[in-house]
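Everything below belongs to input_29.cif, which stores mmCIF, C-alpha atoms (C1' of nucleotides).
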```cif
data_structure
#
loop_
_atom_site.label_atom_id
_atom_site.label_comp_id
_atom_site.auth_asym_id
_atom_site.auth_seq_id
_atom_site.Cartn_x
_atom_site.Cartn_y
_atom_site.Cartn_z
CA MET A 1 62.33 15.64 10.62
CA LYS A 2 59.64 18.04 9.46
CA ARG A 3 56.81 16.19 11.16
CA GLU A 4 53.55 18.11 11.14
CA PRO A 5 51.17 17.62 14.05
CA ALA A 6 49.29 14.55 12.83
CA PRO A 7 46.12 15.93 11.19
CA SER A 8 43.01 14.45 12.70
CA ILE A 9 41.28 12.32 10.15
CA PRO A 10 37.83 13.59 9.18
CA LEU A 11 35.09 11.75 11.02
CA ALA A 12 33.24 11.41 7.74
CA ARG A 13 36.07 9.38 6.31
CA LEU A 14 36.34 7.17 9.37
CA LEU A 15 32.63 6.58 9.42
CA ALA A 16 32.65 5.63 5.78
CA LEU A 17 35.56 3.27 6.29
CA ALA A 18 34.09 1.67 9.38
CA TYR A 19 30.76 1.21 7.70
CA ARG A 20 32.28 -0.38 4.65
CA GLN A 21 34.41 -2.55 6.85
CA LEU A 22 31.36 -3.94 8.53
CA ILE A 23 29.25 -4.32 5.41
CA ASP A 24 32.02 -5.89 3.39
CA ASP A 25 32.92 -8.31 6.14
CA LEU A 26 29.29 -9.18 6.55
CA HIS A 27 28.92 -10.01 2.89
CA VAL A 28 32.15 -11.91 2.76
CA ARG A 29 30.80 -14.14 5.48
CA LEU A 30 27.37 -14.32 3.98
CA ALA A 31 29.01 -15.58 0.80
CA THR A 32 29.87 -18.80 2.63
CA THR A 33 26.26 -19.36 3.61
CA PRO A 34 23.28 -20.38 1.47
CA TYR A 35 22.42 -16.67 1.32
CA ALA A 36 25.28 -15.47 -0.82
CA GLU A 37 22.97 -13.62 -3.16
CA VAL A 38 21.68 -11.35 -0.43
CA ARG A 39 22.37 -7.71 -1.25
CA PRO A 40 23.01 -5.06 1.39
CA THR A 41 19.56 -3.52 1.08
CA PHE A 42 17.80 -6.82 1.70
CA GLY A 43 18.56 -6.66 5.38
CA TYR A 44 16.77 -3.40 5.91
CA VAL A 45 13.64 -4.69 4.25
CA LEU A 46 13.67 -7.99 6.08
CA LEU A 47 14.17 -6.21 9.35
CA ALA A 48 11.16 -4.04 8.68
CA LEU A 49 9.03 -7.05 7.82
CA ARG A 50 10.06 -9.10 10.80
CA GLU A 51 7.35 -7.80 13.07
CA HIS A 52 4.52 -7.58 10.58
CA PRO A 53 3.94 -7.43 6.83
CA ALA A 54 3.87 -4.15 4.97
CA THR A 55 2.83 -2.78 1.62
CA GLY A 56 5.19 -1.79 -1.16
CA ALA A 57 4.51 1.85 -0.44
CA ASP A 58 5.50 1.34 3.19
CA ILE A 59 8.79 -0.14 2.09
CA ALA A 60 9.44 2.66 -0.35
CA LEU A 61 8.92 5.12 2.45
CA LEU A 62 11.12 3.14 4.78
CA LEU A 63 13.98 3.05 2.32
CA GLY A 64 13.42 6.60 1.20
CA VAL A 65 13.12 5.60 -2.43
CA THR A 66 10.32 5.71 -4.99
CA LYS A 67 7.59 3.11 -5.13
CA GLN A 68 9.05 1.95 -8.42
CA ALA A 69 12.47 1.32 -6.96
CA ALA A 70 10.95 -0.48 -4.01
CA SER A 71 8.83 -2.55 -6.36
CA LYS A 72 11.88 -3.71 -8.29
CA LEU A 73 13.67 -4.61 -5.10
CA ILE A 74 10.66 -6.57 -3.90
CA ASP A 75 10.61 -8.39 -7.23
CA THR A 76 14.20 -9.46 -6.73
CA MET A 77 13.70 -10.48 -3.14
CA GLU A 78 10.57 -12.38 -3.99
CA HIS A 79 12.36 -14.30 -6.73
CA GLY A 80 15.03 -15.12 -4.18
CA GLY A 81 12.32 -16.48 -1.89
CA TYR A 82 13.01 -14.02 0.93
CA LEU A 83 9.55 -12.55 0.93
CA GLN A 84 6.17 -13.04 -0.62
CA ARG A 85 3.49 -10.84 -2.10
CA GLN A 86 -0.11 -11.60 -1.21
CA PRO A 87 -3.35 -9.81 -1.95
CA HIS A 88 -4.14 -7.27 0.72
CA GLN A 89 -7.02 -8.01 3.02
CA ASN A 90 -8.82 -4.71 3.09
CA ASP A 91 -7.48 -2.94 0.07
CA ALA A 92 -7.83 -4.42 -3.39
CA ARG A 93 -5.22 -2.03 -4.80
CA ALA A 94 -2.54 -3.02 -2.36
CA LYS A 95 -0.45 -6.12 -1.93
CA THR A 96 0.87 -7.37 1.33
CA VAL A 97 4.56 -8.10 1.47
CA ALA A 98 5.46 -10.70 4.07
CA ILE A 99 8.77 -12.19 5.11
CA THR A 100 9.22 -15.93 4.46
CA ALA A 101 10.90 -18.55 6.59
CA LYS A 102 13.99 -18.21 4.41
CA GLY A 103 13.95 -14.48 5.00
CA ARG A 104 13.89 -15.03 8.73
CA LYS A 105 16.83 -17.36 8.49
CA VAL A 106 18.81 -14.67 6.75
CA LEU A 107 18.01 -12.30 9.56
CA VAL A 108 19.19 -14.78 12.15
CA THR A 109 22.36 -15.45 10.20
CA VAL A 110 23.11 -11.78 9.74
CA GLU A 111 22.60 -11.07 13.39
CA SER A 112 24.94 -13.80 14.37
CA ILE A 113 27.58 -12.46 12.02
CA TYR A 114 27.11 -8.95 13.37
CA ARG A 115 27.60 -10.27 16.88
CA ASP A 116 30.89 -11.78 15.77
CA LEU A 117 32.00 -8.60 14.08
CA GLU A 118 31.07 -6.39 16.97
CA ALA A 119 32.92 -8.76 19.25
CA GLU A 120 36.01 -8.25 17.15
CA TRP A 121 35.60 -4.54 17.52
CA ALA A 122 35.33 -5.01 21.23
CA ARG A 123 38.61 -6.92 21.21
CA VAL A 124 40.30 -4.00 19.48
CA THR A 125 38.97 -1.42 21.91
CA SER A 126 36.75 -2.82 24.62
CA ARG A 127 33.18 -3.83 25.14
CA PRO A 128 32.24 -0.64 26.98
CA ARG A 129 33.83 1.51 24.32
CA VAL A 130 31.90 -0.21 21.60
CA GLU A 131 28.77 0.41 23.59
CA SER A 132 29.70 4.08 24.02
CA LEU A 133 30.22 4.21 20.31
CA ARG A 134 26.78 2.82 19.69
CA ALA A 135 25.18 5.08 22.26
CA ASP A 136 26.92 8.22 21.05
CA LEU A 137 26.16 7.60 17.42
CA GLN A 138 22.56 6.91 18.23
CA LYS A 139 22.25 10.03 20.28
CA ILE A 140 23.90 12.21 17.67
CA VAL A 141 21.77 10.90 14.87
CA GLN A 142 18.61 11.16 16.90
CA VAL A 143 19.25 14.70 18.06
CA ALA A 144 19.92 15.76 14.50
CA ASN A 145 16.58 14.32 13.47
CA GLY A 146 14.20 15.56 16.07
CA GLY A 147 14.58 12.64 18.44
CA GLN A 148 13.71 10.02 15.85
CA LEU A 149 16.08 7.64 14.14
CA PRO A 150 15.62 8.58 10.52
CA THR A 151 14.59 6.15 7.85
CA VAL A 152 17.31 4.04 6.33
CA ARG A 153 18.62 5.31 3.00
CA PRO A 154 21.50 2.83 2.82
CA THR A 155 24.08 5.16 1.31
CA ARG A 156 24.40 7.48 -1.63
CA MET B 1 4.24 -7.32 29.70
CA LYS B 2 6.24 -9.21 27.13
CA ARG B 3 8.76 -6.42 26.76
CA GLU B 4 11.87 -7.69 25.06
CA PRO B 5 15.17 -6.16 26.16
CA ALA B 6 15.37 -3.17 23.80
CA PRO B 7 17.27 -4.51 20.80
CA SER B 8 20.53 -2.68 20.30
CA ILE B 9 20.57 -1.01 16.95
CA PRO B 10 23.11 -2.54 14.59
CA LEU B 11 26.31 -0.56 14.46
CA ALA B 12 26.23 -0.81 10.70
CA ARG B 13 22.97 1.09 10.61
CA LEU B 14 24.19 3.75 12.99
CA LEU B 15 27.39 4.19 11.06
CA ALA B 16 25.48 4.54 7.82
CA LEU B 17 23.12 7.07 9.35
CA ALA B 18 25.88 9.08 10.98
CA TYR B 19 27.88 9.12 7.78
CA ARG B 20 24.94 10.27 5.72
CA GLN B 21 24.13 12.87 8.32
CA LEU B 22 27.57 14.36 8.00
CA ILE B 23 27.80 14.16 4.22
CA ASP B 24 24.32 15.50 3.66
CA ASP B 25 24.85 18.38 6.06
CA LEU B 26 28.15 19.13 4.41
CA HIS B 27 26.58 19.35 1.00
CA VAL B 28 23.67 21.36 2.23
CA ARG B 29 26.13 23.93 3.47
CA LEU B 30 28.32 23.70 0.43
CA ALA B 31 25.25 24.52 -1.64
CA THR B 32 25.33 28.03 -0.20
CA THR B 33 28.94 28.56 -1.31
CA PRO B 34 30.36 29.04 -4.79
CA TYR B 35 31.15 25.32 -4.73
CA ALA B 36 27.64 23.98 -4.87
CA GLU B 37 28.45 21.64 -7.73
CA VAL B 38 31.03 19.77 -5.67
CA ARG B 39 30.13 16.08 -5.39
CA PRO B 40 30.99 13.94 -2.38
CA THR B 41 33.85 12.16 -4.13
CA PHE B 42 35.58 15.40 -5.08
CA GLY B 43 36.83 15.88 -1.56
CA TYR B 44 38.72 12.64 -1.46
CA VAL B 45 40.51 13.43 -4.69
CA LEU B 46 41.34 16.99 -3.71
CA LEU B 47 42.64 15.79 -0.38
CA ALA B 48 44.94 13.36 -2.10
CA LEU B 49 46.24 16.04 -4.45
CA ARG B 50 46.82 18.62 -1.78
CA GLU B 51 50.35 17.52 -1.01
CA HIS B 52 51.51 16.71 -4.50
CA PRO B 53 50.05 15.92 -7.93
CA ALA B 54 49.25 12.39 -8.97
CA THR B 55 48.43 10.41 -12.07
CA GLY B 56 45.03 9.14 -13.04
CA ALA B 57 46.07 5.64 -12.15
CA ASP B 58 47.08 6.80 -8.68
CA ILE B 59 43.67 8.31 -8.20
CA ALA B 60 41.94 5.19 -9.44
CA LEU B 61 43.90 3.18 -6.91
CA LEU B 62 43.16 5.67 -4.16
CA LEU B 63 39.43 5.55 -4.80
CA GLY B 64 39.43 1.83 -5.39
CA VAL B 65 37.77 2.18 -8.78
CA THR B 66 38.88 1.46 -12.31
CA LYS B 67 41.08 3.83 -14.29
CA GLN B 68 38.10 4.51 -16.51
CA ALA B 69 35.90 5.60 -13.66
CA ALA B 70 38.68 7.76 -12.29
CA SER B 71 39.22 9.28 -15.70
CA LYS B 72 35.59 10.31 -15.97
CA LEU B 73 35.66 11.83 -12.53
CA ILE B 74 38.80 13.75 -13.40
CA ASP B 75 37.07 15.02 -16.55
CA THR B 76 34.24 16.39 -14.48
CA MET B 77 36.48 17.95 -11.89
CA GLU B 78 38.69 19.47 -14.54
CA HIS B 79 35.68 21.01 -16.26
CA GLY B 80 34.70 22.45 -12.90
CA GLY B 81 38.16 23.97 -12.57
CA TYR B 82 39.09 22.05 -9.44
CA LEU B 83 42.10 20.37 -10.94
CA GLN B 84 44.16 20.37 -14.07
CA ARG B 85 45.77 17.78 -16.29
CA GLN B 86 49.26 18.41 -17.53
CA PRO B 87 51.70 16.31 -19.49
CA HIS B 88 53.82 14.23 -17.19
CA GLN B 89 57.47 15.14 -16.87
CA ASN B 90 59.13 11.76 -17.14
CA ASP B 91 56.46 9.62 -18.67
CA ALA B 92 54.92 10.43 -22.02
CA ARG B 93 52.05 8.01 -21.43
CA ALA B 94 50.99 9.60 -18.19
CA LYS B 95 49.34 12.88 -17.34
CA THR B 96 49.86 14.75 -14.14
CA VAL B 97 46.75 15.76 -12.27
CA ALA B 98 47.25 18.79 -10.06
CA ILE B 99 44.91 20.64 -7.74
CA THR B 100 44.09 24.24 -8.69
CA ALA B 101 43.67 27.30 -6.49
CA LYS B 102 39.91 26.79 -6.70
CA GLY B 103 40.37 23.22 -5.59
CA ARG B 104 42.30 24.36 -2.56
CA LYS B 105 39.57 26.81 -1.66
CA VAL B 106 37.07 23.98 -1.66
CA LEU B 107 39.25 22.07 0.72
CA VAL B 108 39.49 25.00 3.10
CA THR B 109 35.75 25.52 2.94
CA VAL B 110 34.99 21.87 3.55
CA GLU B 111 37.32 21.73 6.50
CA SER B 112 35.70 24.71 8.07
CA ILE B 113 32.29 23.14 7.64
CA TYR B 114 33.50 19.88 9.12
CA ARG B 115 34.82 21.76 12.13
CA ASP B 116 31.35 23.22 12.60
CA LEU B 117 29.66 19.88 12.25
CA GLU B 118 32.01 18.11 14.59
CA ALA B 119 31.48 20.89 17.07
CA GLU B 120 27.76 20.20 16.92
CA TRP B 121 28.46 16.57 17.65
CA ALA B 122 30.54 17.62 20.59
CA ARG B 123 27.63 19.66 21.91
CA VAL B 124 25.41 16.58 21.76
CA THR B 125 27.88 14.36 23.57
CA SER B 126 31.11 16.08 24.52
CA ARG B 127 34.42 16.99 23.01
CA PRO B 128 36.28 14.09 24.62
CA ARG B 129 33.67 11.61 23.49
CA VAL B 130 33.89 12.79 19.93
CA GLU B 131 37.62 12.36 20.13
CA SER B 132 37.18 8.85 21.56
CA LEU B 133 34.87 8.16 18.69
CA ARG B 134 37.47 9.28 16.23
CA ALA B 135 40.25 7.38 17.97
CA ASP B 136 38.26 4.16 18.30
CA LEU B 137 37.04 4.16 14.76
CA GLN B 138 40.52 4.82 13.50
CA LYS B 139 41.97 2.04 15.59
CA ILE B 140 39.32 -0.44 14.57
CA VAL B 141 39.68 0.30 10.91
CA GLN B 142 43.45 0.22 11.07
CA VAL B 143 43.63 -3.03 12.94
CA ALA B 144 41.29 -4.62 10.45
CA ASN B 145 43.58 -3.52 7.66
CA GLY B 146 47.01 -4.45 8.85
CA GLY B 147 47.75 -1.17 10.57
CA GLN B 148 47.08 0.98 7.52
CA LEU B 149 44.08 3.14 6.90
CA PRO B 150 42.62 1.61 3.78
CA THR B 151 41.99 3.52 0.61
CA VAL B 152 38.76 5.42 0.41
CA ARG B 153 35.96 3.69 -1.49
CA PRO B 154 33.28 6.28 -0.60
CA THR B 155 30.36 3.85 -0.17
CA ARG B 156 28.69 1.15 -2.15
"C1'" DC C 1 65.98 -5.83 -28.87
"C1'" DG C 2 61.67 -7.80 -27.98
"C1'" DA C 3 58.26 -9.36 -24.40
"C1'" DT C 4 55.52 -7.60 -21.19
"C1'" DA C 5 53.67 -4.14 -18.10
"C1'" DT C 6 51.57 0.32 -17.56
"C1'" DA C 7 48.90 5.09 -18.53
"C1'" DG C 8 45.16 6.52 -20.73
"C1'" DT C 9 40.95 6.47 -23.68
"C1'" DC C 10 36.64 4.83 -26.15
"C1'" DA C 11 32.54 2.00 -26.18
"C1'" DA C 12 29.03 -0.88 -24.42
"C1'" DG C 13 26.59 -2.59 -20.64
"C1'" DC C 14 24.84 -3.13 -15.77
"C1'" DG C 15 22.84 -1.96 -11.14
"C1'" DC C 16 20.05 0.86 -9.01
"C1'" DG C 17 17.94 4.69 -8.74
"C1'" DT C 18 14.98 8.35 -11.13
"C1'" DT C 19 10.75 10.78 -13.73
"C1'" DG C 20 6.54 10.26 -16.25
"C1'" DA C 21 2.32 8.09 -17.51
"C1'" DC C 22 -1.13 5.09 -16.53
"C1'" DC C 23 -4.99 2.03 -14.32
"C1'" DA C 24 -7.59 0.26 -10.38
"C1'" DT C 25 -9.34 1.23 -6.16
"C1'" DC C 26 -10.19 3.79 -1.95
"C1'" DT C 27 -11.82 8.05 0.59
"C1'" DC C 28 -14.35 11.79 1.57
"C1'" DA C 29 -17.05 16.14 0.99
"C1'" DT C 30 -20.92 17.35 -0.94
"C1'" DA D 1 -24.91 8.14 -3.67
"C1'" DT D 2 -21.53 10.17 -6.39
"C1'" DG D 3 -17.81 12.25 -8.36
"C1'" DA D 4 -13.09 14.50 -7.45
"C1'" DG D 5 -9.02 13.53 -5.86
"C1'" DA D 6 -5.65 10.66 -3.28
"C1'" DT D 7 -3.26 6.32 -3.10
"C1'" DG D 8 -1.16 1.46 -4.40
"C1'" DG D 9 1.01 -0.65 -8.02
"C1'" DT D 10 3.12 -1.35 -12.56
"C1'" DC D 11 5.41 -0.38 -17.14
"C1'" DA D 12 8.63 2.26 -19.84
"C1'" DA D 13 12.43 5.30 -20.64
"C1'" DC D 14 16.31 7.28 -19.03
"C1'" DG D 15 20.50 8.98 -15.91
"C1'" DC D 16 24.51 8.35 -13.05
"C1'" DG D 17 28.38 6.03 -11.64
"C1'" DC D 18 30.49 2.23 -12.08
"C1'" DT D 19 32.04 -2.04 -14.66
"C1'" DT D 20 34.35 -5.11 -18.41
"C1'" DG D 21 36.58 -5.34 -22.78
"C1'" DA D 22 39.35 -3.73 -26.44
"C1'" DC D 23 42.71 -0.71 -28.05
"C1'" DT D 24 46.97 2.65 -28.61
"C1'" DA D 25 51.15 4.69 -27.02
"C1'" DT D 26 54.92 4.52 -24.18
"C1'" DA D 27 58.11 2.34 -20.44
"C1'" DT D 28 60.72 -1.20 -18.49
"C1'" DC D 29 63.60 -4.98 -18.12
"C1'" DG D 30 65.79 -9.57 -19.10
#
```
Can you present the structure in this file as structure tokens?
Amino acid sequence: MKREPAPSIPLARLLALAYRQLIDDLHVRLATTPYAEVRPTFGYVLLALREHPATGADIALLLGVTKQAASKLIDTMEHGGYLQRQPHQNDARAKTVAITAKGRKVLVTVESIYRDLEAEWARVTSRPRVESLRADLQKIVQVANGGQLPTVRPTR
Amino acid sequence: MKREPAPSIPLARLLALAYRQLIDDLHVRLATTPYAEVRPTFGYVLLALREHPATGADIALLLGVTKQAASKLIDTMEHGGYLQRQPHQNDARAKTVAITAKGRKVLVTVESIYRDLEAEWARVTSRPRVESLRADLQKIVQVANGGQLPTVRPTR
DNA sequence: CGATATAGTCAAGCGCGTTGACCATCTCAT
DNA sequence: ATGAGATGGTCAACGCGCTTGACTATATCG
């Protein structure tokens, strides 16, 4: 046997695989709900709107994309009934983007699915190890970005 | 105080951020080498070709994309001089795709950069924790895929 | 041998982002 | 108060990376 010492798999590859695993599983499960049309980016927007409405420019900034791209996404999400544009109170140029009841339901559904998925991960390793994973990743990402969690930028 | 228990950040988000962190840093550093034009997907292909050549169809399967998409990518990489198409020995339909010396140099460069980056991660947490991270992610992904590491599919 | 599968390519189209140009409105220094 | 510039939003055109569909040439196997 000419067995090499098993090469350690690049973290980048594992991260990509794990991420896809989660996202794909999420959307497989979402497909069985009334929210099958929800696209991966929706979640980030809904999450941002949960606390309080925002403008299109805010969302563009959050996602790290242009206003135009954000605007298109908001169009789609509005057509889907996940959020709503309203005239802005203090600024006649701006529009307020607010999450709808349907949008909130998606959020609740997604969170419940994530809980399931993370529980499966915990069965494969253990609850504490999953929490270490979360903590370590958070720390690493934060340190690399001056203490802040950077804005989303789903993938590339 | 109506302080909620600090919501734990979704693993999916952390994974996405960590992955982007790594990939972006990699390409920032690559930009200072003679291989600035290398795109994220190149690495996966080169890695696959390191051991032995493959056909376009193999590569398509590996990347989880169509033959057509793979073909275009191979075009680009061939123009860049990272790999080479040759007639296949036993099959007149097929073409053999082989890594070039330049392609191998990219691989060496990338690995060295990854070592640096992973070392930085280890400084933020610790060497053993980075290795736990790697081991846990690998296990989780494998278990979810019947013991095999799935094919690449860079992102979505 | 012929039916069917497979390797590869060309062409058109789509999703999701971009750049560029533009208008309406807000802000602020003068 | 006003005018220059910044900002919010939209429309239009286009690019990149992928898709589906159609096609040719060659392999494979009953």
Residues of chain C within 12 Å of chain B, all atoms listed in the file counted, as a list in words: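 My answer is DT6, DA7, DG8, DT9, DC10, DA11, DG15 and DC16 of chain C.
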Separation of CA of Glu78 in chain A from CA of Leu47 in chain A in Å: 15.1 Å
Residue contacts of range 17-29 of chain A (7 Å, only C-alpha atoms (C1' of nucleotides)) excluding same-chain residues fewer than 2 positions away, as a PyMOL selection string: (chain A and resi 13-15+31-32+113) or (chain B and resi 12+15-16+137+141+155)
Selection: 12 Å around DG5 in chain D, all atoms listed in the file, excl. self and same-chain fewer than 2 positions, as number ranges by chain: C: 26-29; D: 3, 7
For range 9-25 of chain D, I'd like the enclosing box, axis-aligned and padded by 4 Å on every side, reported as JSON with centre and edge lengths in Å to one decimal.
```
{"center_x": 26.1, "center_y": 1.8, "center_z": -18.3, "size_x": 58.1, "size_y": 22.3, "size_z": 28.6}
```
Among the residues A:Leu133, A:Leu63, A:Leu73, A:Val106, the one that comes closest to chain B [using all atoms listed in the file]: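 Closest candidate: A:Leu133.
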Within 10 Å of chain A: residues of chain D, using all atoms listed in the file, as number ranges by chain: D: 7-11
Skip DA12 in chain D itself and residues of its chain fewer than 6 positions away, then list as an mmCIF file with C-alpha atoms (C1' of nucleotides), keeping the file's coordinate frame all residues within 12 Å of it, counting all atoms listed in the file.
```cif
data_model
loop_
_atom_site.group_PDB
_atom_site.id
_atom_site.type_symbol
_atom_site.label_atom_id
_atom_site.label_comp_id
_atom_site.auth_asym_id
_atom_site.auth_seq_id
_atom_site.Cartn_x
_atom_site.Cartn_y
_atom_site.Cartn_z
ATOM 1 C CA GLN A 68 9.050 1.950 -8.420
ATOM 2 C "C1'" DT C 19 10.750 10.780 -13.730
ATOM 3 C "C1'" DG C 20 6.540 10.260 -16.250
ATOM 4 C "C1'" DA C 21 2.320 8.090 -17.510
ATOM 5 C "C1'" DC C 22 -1.130 5.090 -16.530
#
```
Hits of the PyMOL selection byres ((chain D and resi 17) around 8) in this structure, as JSON, numbers by chain: {"B": [69], "D": [16, 18]}
Neighbour list for DG30 in chain D as a count of residues only, cut-off 12 Å, only C-alpha atoms (C1' of nucleotides), skip fewer than 3 positions in-chain: 4
Using all atoms listed in the file: which of B:Phe42, B:Tyr35, B:Tyr82, B:Trp121 has the shortest distance to chain A: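 Smallest separation from chain A among the options: B:Trp121.
What the PyMOL selection byres ((chain B and resi 85) around 9) picks from this file is B:Thr55, B:Ile74, B:Glu78, B:Leu83, B:Gln84, B:Gln86, B:Pro87, B:His88, B:Lys95, B:Thr96, B:Val97, B:Ala98.
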Any chance you could export the current selection's C-alpha atoms as a JSON list (two decimals), keeping the file's coordinate frame?
```json
[["chain", "number", "residue", "atom", "x", "y", "z"],
["B", 55, "THR", "CA", 48.43, 10.41, -12.07],
["B", 74, "ILE", "CA", 38.80, 13.75, -13.40],
["B", 78, "GLU", "CA", 38.69, 19.47, -14.54],
["B", 83, "LEU", "CA", 42.10, 20.37, -10.94],
["B", 84, "GLN", "CA", 44.16, 20.37, -14.07],
["B", 86, "GLN", "CA", 49.26, 18.41, -17.53],
["B", 87, "PRO", "CA", 51.70, 16.31, -19.49],
["B", 88, "HIS", "CA", 53.82, 14.23, -17.19],
["B", 95, "LYS", "CA", 49.34, 12.88, -17.34],
["B", 96, "THR", "CA", 49.86, 14.75, -14.14],
["B", 97, "VAL", "CA", 46.75, 15.76, -12.27],
["B", 98, "ALA", "CA", 47.25, 18.79, -10.06]]
```
The PyMOL selection byres ((chain A and resi 102) around 12) resolved against shown file, as JSON, numbers by chain: {"A": [34, 35, 38, 46, 50, 77, 78, 79, 80, 81, 82, 83, 84, 98, 99, 100, 101, 103, 104, 105, 106, 107, 108, 109]}
Within-12 Å shell of (40.0, 9.1, 21.3) in input frame, all atoms listed in the file, as a short mmCIF file (atom, residue, chain, number, x, y, z; two decimals) with C-alpha atoms, keeping the file's coordinate frame:
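New file point33.cif:
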```
data_model
loop_
_atom_site.label_atom_id
_atom_site.label_comp_id
_atom_site.auth_asym_id
_atom_site.auth_seq_id
_atom_site.Cartn_x
_atom_site.Cartn_y
_atom_site.Cartn_z
CA SER A 8 43.01 14.45 12.70
CA ILE A 9 41.28 12.32 10.15
CA LEU A 11 35.09 11.75 11.02
CA THR A 125 38.97 -1.42 21.91
CA ARG A 129 33.83 1.51 24.32
CA SER A 132 29.70 4.08 24.02
CA LEU A 133 30.22 4.21 20.31
CA SER B 126 31.11 16.08 24.52
CA ARG B 127 34.42 16.99 23.01
CA PRO B 128 36.28 14.09 24.62
CA ARG B 129 33.67 11.61 23.49
CA VAL B 130 33.89 12.79 19.93
CA GLU B 131 37.62 12.36 20.13
CA SER B 132 37.18 8.85 21.56
CA LEU B 133 34.87 8.16 18.69
CA ARG B 134 37.47 9.28 16.23
CA ALA B 135 40.25 7.38 17.97
CA ASP B 136 38.26 4.16 18.30
CA LEU B 137 37.04 4.16 14.76
CA GLN B 138 40.52 4.82 13.50
CA LYS B 139 41.97 2.04 15.59
CA ILE B 140 39.32 -0.44 14.57
#
```
